[in-house]
Amino acid sequence: MRHIISILIENESGALSRVAGLFSARGYNIDTLTVAPTEDPSLSRMTILTRGSDEVLEQITKQLNKLVDVVKVVDLSEAAHVERELMLIKVRATGKDREEMKRMADIFRGRIIDVTESTYVIELTGASSKLDSFIAALDAGLILETVRTGVCGIGRGDRILKV
Amino acid sequence: MMISGAEIVIRCLQEEKVEYVFGYPGGSVLHIYDALFKQDQVKHILVRHEQAAVHAADAFSRSSQRVGVALVTSGPGVTNTVTGIATAYMDSIPMVVICGQVPTQYIGQDAFQECDTVGITRPCVKHNFLVKDVKDLALTIKKAFHIAATGRPGPVVVDVPKDITAQMCEFDYPKTVQMRSYNPVVKGHLGQIKKAVQILQEAKRPIIYTGGGVILSDAAEKLTQLARKLNFPVTNTLMGLGGYPATDRQFVGMLGMHGTFEANNAMHYADVILAIGARFDDRVIGNPDHFGSEKRRVIHIDIDPSSISKRVKVDVPIVGNVTDVLDEILKLLDGGFKTDPEVADWWKQIDEWRGRDSLRYKQGEHIMPQYVVEKLYEVTGGDAFITSDVGQHQMFAAQYYKFDKPRRWINSGGLGTMGVGLPYGMGVLLANPGAQVACVTGEGSIQMCIQEMSTCKQYELPVKIINLNNGMLGMVRQWQEMFYSKRYSQSYVTSLPDFVKLAEAYGHVGMRIEKPEDVEPALRKAFTEHKNDLVFMDFIIDPGANVFPMVAAGKGLTEMILAEDL
C-alpha cells in the first residue's frame, strides 16, 4: 500500500540523515522524500512517500516517533488529504513537434517557463499520477530531461499538523 | 564567571554527580583532561583501549542505577568505542559518551584524527549531538543525561570540537530540561490495564514472560509481588535474569534458544502471555510461524511502543514504565482477583515438564563447564555479580547460576559482543566496591579485551576471571558439530598463551585447574585468600561439552534438542 508520511522535525543539521538512515537500516522503502523549513524556522516538514503492509507502516510510524528530533508524525493517506508534486521537464521542440508540445502542455495545464529555438521547459504540478501520464503521453524520444520534487501533501479541512 | 568549555564539561559531570569517567586521552580532549586534572570530584579510570572504557561505563550502569560515562578523543578514539556503544544500545543501557572532535574550522577537511562521529554512531545511539557553540554546551550535556536515562534508556554521544573546549562562557547548569520532541510515556493507559487484568483472570495456562525492561525499570520487587499474587509461572529472557528470583518455585527458568524444557513448553502452550519489558526476539521465540501456530492472547507492557507488535501480534498493548504499570495492576488485583482453578492443572503439566530435568549433565573425568558454574554459585553464596562474554560459557552461566537479585547478571544479550566480560567486571566493581565479581568467560572471548588486566592492576579491581578453557570457540564449534558435519572451520584456538604466566606478568594471581576435584577448593581460595586480588582461573574443561537444551535456528520453541536425546 502507498502511504504519505508527514513529519515535523527539529530543523537541525543531521535531522534528514536520521530519518533516511532509519529507513535504510530497517529496510523500509522511500519512493520520494521532500523537506523544507516550515513557517516556524526551527521546524522542518518532511514528506515521505513509502510503501508497505499495515504492519510495516505501524513500525515506520513508531520508529519515526522514537527519533528524538521528531516532533510529530502523521500518515496523511489515512484520511482526506491533497497531494501535489512539481515536475520540470525539458523537451525537444522543433518543427511540427514545437506546436504539439505547446498543445500537450496546455492540455495538462502545464506552463512553458523556458524557451529556446529547439527546446521548451514545461512546469507541471499535480498528483504524481498526472505527471506520470504526461510523461507517458509524450514521445519518449523528445524528452531531454525531467526533474521531480517528490510528493508533498496536506490534510483536508481541520486535519492540521502543527506543534 | 566565565569558564572554559573544558571546565564546563567537567562542571556538568559534577552536577550530574558522576563519580567515575572511563576514558583515554588524546589530542582533541586535552583541554578536558586538563580541567579534569584540576579537580578531584570526578575520578577518571584510564583504560587500555577505548572499547573497554565504553564497556566499563556500560556495566557501571547495568550494575547500579546510575548513568555510566566515557570520555574519548576524536577519530580512532571514537571508532574504538563503536562496538561498546552498539552493545549498550542493543540492551537499552543508559550511557553518555563524550568525544573530542577536531576544531570546528577543520571539520570536513580530513584533519588529523578526524572522523564523522555523529554519522558513524548515529545508527547505534539513542541520540547524538555535535556541539557547535560553547553557549550550547551545558544544555547539550544536560539533554544527553536526560535522554540517556529516561524512556527506553540508551547511549547518547556528545561530540565536542576542541576549539569549543577552549572558548570561555558563563556556566549555568539547567536544573530541568524540556524538549517538545521528546516526552516519553510513563503511566500506562488505565483502560488497557483493566483489560489486561480481566484477561489474567480468565487465563487457564498463563505465563509471565519478562525481560531486561524489568531490570532497567527496577521493577523486580513489583514483579515478584504480582507473580505471587497470581500464582503464575515466570520465565525470564537472558536479559531478564534476576528480575525474578531464580530459586523460587514459580520460576521455570530462562526461555529461548537455550531455555529450559519447561520454560519453552510453557511459553509455547500458554493461553495467555503477560510479556513485561521483553521484545519477543528471534533467540526467544524461535521460528515465528511455529510460535504463531498456537492460539493465545498476549498482553505486552513496554515503554517503547515500537517493541510492541513488532514480531508477535499483541492483543493488549500497554505502553508505559514497567514499575508504574505493575503498580497499577497490583492496585486492581487488590480489588479482588481470583486465579482460574484450572491453573492448578497447568502447574501439574509444568511440573511434569520440569521432571525432565533438562539441565542435567554428567560430571566425568574432565571438568564440565556446568560444574564450574554450579560450584561458583555455591562458593559465592549465589550473591556475586556475574559478568560474562559471549558463547557457550555465557549460556552455562545463565543456566546454572541462579540469580535471585536484579542487576547481578551483566552480559551482552542483544549485540552478543565477545570481549565485554573483563571491562564489565571493572565497571561493576567501581559501582559496587567490595562486591564479589566473577567474569565467566572463555579463552576466545577473554583475549578480545585482555589488556584490561593492566587497568585492573592500576585501580586494584579484584575481578575473578573464570576462564572455561576448551581450546575452541565453543559455540561456533557446537554449531559446526551439529549443522556442518563436524567441519571445524577456524574454531580452534591454537597457540594459546599460558594464562597463569600472563596473569602474573600483569601482577595478578594465576591458577590452572585441570581436575574436577580441584574446582571447588580453587574457587574457595580465590574468593577468600585472594579476595582482594584479581585471580585468573584457567579451568581446562571438557572440549566436547555442548549447551543444551537447544532450539536450532529455524526450529520452533518446543522442538528442542535435549542432552538426553544424544
# chains A, B, ... in the order shown; residues from 1 in each chain; ligands from 1
call {"tool": "residues_around", "arguments": {"residues": "Lys102 (chain A)", "least_positions_apart": "5", "cutoff": "9 Å", "atoms": "only C-alpha atoms", "output": "list in words"}}
result
Ala93, Asp97, Ile107, Arg111, Ile112, Tyr120 and Ile122 of chain A
call {"tool": "write_last_selection", "arguments": {"atoms": "N, CA and C atoms", "output": "PDB file, in the first residue's frame"}}
result
ATOM      1  N   ALA A  93      11.719  20.756 -28.975  1.00  0.00           N
ATOM      2  CA  ALA A  93      10.579  21.451 -29.572  1.00  0.00           C
ATOM      3  C   ALA A  93      11.011  22.054 -30.890  1.00  0.00           C
ATOM      4  N   ASP A  97       6.856  19.253 -33.937  1.00  0.00           N
ATOM      5  CA  ASP A  97       6.769  18.922 -32.508  1.00  0.00           C
ATOM      6  C   ASP A  97       6.592  20.165 -31.644  1.00  0.00           C
ATOM      7  N   ILE A 107      -2.998  21.066 -22.520  1.00  0.00           N
ATOM      8  CA  ILE A 107      -3.973  20.045 -22.126  1.00  0.00           C
ATOM      9  C   ILE A 107      -3.768  19.652 -20.666  1.00  0.00           C
ATOM     10  N   ARG A 111       2.915  24.844 -17.787  1.00  0.00           N
ATOM     11  CA  ARG A 111       3.331  26.155 -18.276  1.00  0.00           C
ATOM     12  C   ARG A 111       4.719  26.026 -18.863  1.00  0.00           C
ATOM     13  N   ILE A 112       4.905  26.693 -19.975  1.00  0.00           N
ATOM     14  CA  ILE A 112       6.236  26.678 -20.559  1.00  0.00           C
ATOM     15  C   ILE A 112       7.015  27.826 -19.921  1.00  0.00           C
ATOM     16  N   TYR A 120      11.822  23.400 -25.015  1.00  0.00           N
ATOM     17  CA  TYR A 120      10.950  24.036 -24.023  1.00  0.00           C
ATOM     18  C   TYR A 120      11.268  23.438 -22.671  1.00  0.00           C
ATOM     19  N   ILE A 122       8.900  22.710 -19.504  1.00  0.00           N
ATOM     20  CA  ILE A 122       7.499  22.781 -19.088  1.00  0.00           C
ATOM     21  C   ILE A 122       7.409  22.529 -17.590  1.00  0.00           C
TER      22      ILE A 122
END
call {"tool": "select_by_dssp", "arguments": {"residues": "region 232-474 of chain B", "states": "strand (DSSP E or B)", "output": "PyMOL selection string"}}
result
chain B and resi 234-236+251-254+272-276+286+297-302+316-319+367+385-388+409-410+437-442+464-469+472
call {"tool": "write_last_selection", "arguments": {"atoms": "C-alpha atoms", "output": "compact mmCIF listing (two decimals), in the first residue's frame"}}
result
# COMPACT_ATOMS: atom_id res chain seq x y z
CA VAL B 234 7.53 -16.90 35.42
CA THR B 235 10.19 -17.19 32.75
CA ASN B 236 12.99 -14.70 32.07
CA PHE B 251 10.40 -19.67 38.25
CA VAL B 252 10.60 -22.07 35.31
CA GLY B 253 13.97 -20.91 34.07
CA MET B 254 15.25 -18.97 31.13
CA VAL B 272 -2.20 -16.01 28.00
CA ILE B 273 1.26 -14.46 27.85
CA LEU B 274 1.95 -11.49 30.07
CA ALA B 275 5.06 -10.02 28.45
CA ILE B 276 6.85 -7.43 30.56
CA GLY B 286 12.43 -19.44 17.65
CA ARG B 297 -3.77 -13.85 23.98
CA VAL B 298 -0.78 -11.59 24.53
CA ILE B 299 -0.57 -8.67 26.95
CA HIS B 300 2.57 -6.65 26.39
CA ILE B 301 3.93 -4.00 28.75
CA ASP B 302 6.79 -1.99 27.32
CA VAL B 316 -3.44 -5.74 24.78
CA PRO B 317 -0.55 -3.31 24.33
CA ILE B 318 0.32 -1.25 27.39
CA VAL B 319 2.89 1.47 26.77
CA ILE B 367 35.84 -30.75 34.28
CA PHE B 385 27.87 -10.15 40.26
CA ILE B 386 28.49 -12.35 37.26
CA THR B 387 29.73 -10.76 34.08
CA SER B 388 30.15 -12.86 31.01
CA TRP B 409 23.86 -10.74 35.70
CA ILE B 410 25.85 -8.49 33.39
CA VAL B 437 32.61 -10.12 40.95
CA ALA B 438 33.30 -13.04 38.66
CA CYS B 439 33.78 -12.85 34.92
CA VAL B 440 32.70 -16.12 33.36
CA THR B 441 34.49 -16.29 30.04
CA GLY B 442 36.27 -18.48 27.55
CA LYS B 464 37.78 -13.24 39.41
CA ILE B 465 38.22 -14.46 35.86
CA ILE B 466 36.59 -17.86 35.39
CA ASN B 467 38.10 -18.95 32.09
CA LEU B 468 36.25 -22.00 30.79
CA ASN B 469 39.06 -23.12 28.52
CA MET B 472 37.92 -23.92 20.99
call {"tool": "interface_residues", "arguments": {"of": "chain B", "to": "chain A", "cutoff": "6 Å", "atoms": "only C-alpha atoms", "output": "ChimeraX atom specification"}}
result
/B:181-182,306
call {"tool": "write_last_selection", "arguments": {"atoms": "all heavy atoms", "output": "CSV table (one decimal), in the first residue's frame"}}
result
chain,number,residue,atom,x,y,z
B,181,SER,N,10.1,17.7,21.4
B,181,SER,CA,10.1,16.5,20.5
B,181,SER,C,10.4,15.2,21.3
B,181,SER,O,10.4,14.1,20.8
B,181,SER,CB,11.2,16.6,19.5
B,181,SER,OG,12.5,16.7,20.1
B,182,TYR,N,10.6,15.3,22.6
B,182,TYR,CA,10.9,14.1,23.4
B,182,TYR,C,10.2,14.1,24.7
B,182,TYR,O,10.6,14.8,25.7
B,182,TYR,CB,12.4,14.1,23.6
B,182,TYR,CG,12.9,12.9,24.5
B,182,TYR,CD1,12.9,11.6,23.9
B,182,TYR,CD2,13.3,13.1,25.8
B,182,TYR,CE1,13.3,10.5,24.7
B,182,TYR,CE2,13.7,12.0,26.6
B,182,TYR,CZ,13.7,10.7,26.0
B,182,TYR,OH,14.1,9.7,26.8
B,306,SER,N,7.5,0.8,19.8
B,306,SER,CA,7.9,0.1,18.6
B,306,SER,C,8.3,-1.3,19.0
B,306,SER,O,8.5,-2.1,18.1
B,306,SER,CB,9.1,0.9,18.0
B,306,SER,OG,10.3,0.7,18.7
call {"tool": "residues_around", "arguments": {"residues": "Leu255 (chain B)", "least_positions_apart": "3", "cutoff": "8 Å", "atoms": "only C-alpha atoms", "output": "PyMOL selection string"}}
result
chain B and resi 235-238+258-260+263-264+267+284
call {"tool": "write_last_selection", "arguments": {"atoms": "C-alpha atoms", "output": "PDB file, in the first residue's frame"}}
result
ATOM      1  CA  THR B 235      10.188 -17.189  32.748  1.00  0.00           C
ATOM      2  CA  ASN B 236      12.992 -14.701  32.073  1.00  0.00           C
ATOM      3  CA  THR B 237      14.836 -13.841  28.921  1.00  0.00           C
ATOM      4  CA  LEU B 238      18.625 -13.790  29.007  1.00  0.00           C
ATOM      5  CA  HIS B 258      18.958 -22.420  25.318  1.00  0.00           C
ATOM      6  CA  GLY B 259      15.989 -22.177  27.612  1.00  0.00           C
ATOM      7  CA  THR B 260      14.722 -24.954  29.855  1.00  0.00           C
ATOM      8  CA  ALA B 263      10.055 -22.667  30.113  1.00  0.00           C
ATOM      9  CA  ASN B 264       9.889 -23.186  26.358  1.00  0.00           C
ATOM     10  CA  MET B 267       5.681 -20.286  26.723  1.00  0.00           C
ATOM     11  CA  VAL B 284      13.447 -16.140  22.370  1.00  0.00           C
TER      12      VAL B 284
END
call {"tool": "atom_distance", "arguments": {"atom1": "CA of Met453 (chain B)", "atom2": "CA of Glu520 (chain B)"}}
result
23.9 Å
call {"tool": "closest_residue", "arguments": {"among": "B:Thr323, B:Gln41, B:Asn265, B:Thr104", "to": "Ser358 (chain B)", "atoms": "only C-alpha atoms"}}
result
B:Asn265
call {"tool": "select_by_dssp", "arguments": {"residues": "region 54-123 of chain A", "states": "helix (DSSP H, G or I)", "output": "list in words"}}
result
Asp54, Glu55, Val56, Leu57, Glu58, Gln59, Ile60, Thr61, Lys62, Gln63, Leu64, Asn65, Lys66, Leu76, Ser77, Glu78, Gly95, Lys96, Asp97, Arg98, Glu99, Glu100, Met101, Lys102, Arg103, Met104, Ala105, Asp106 and Ile107 of chain A
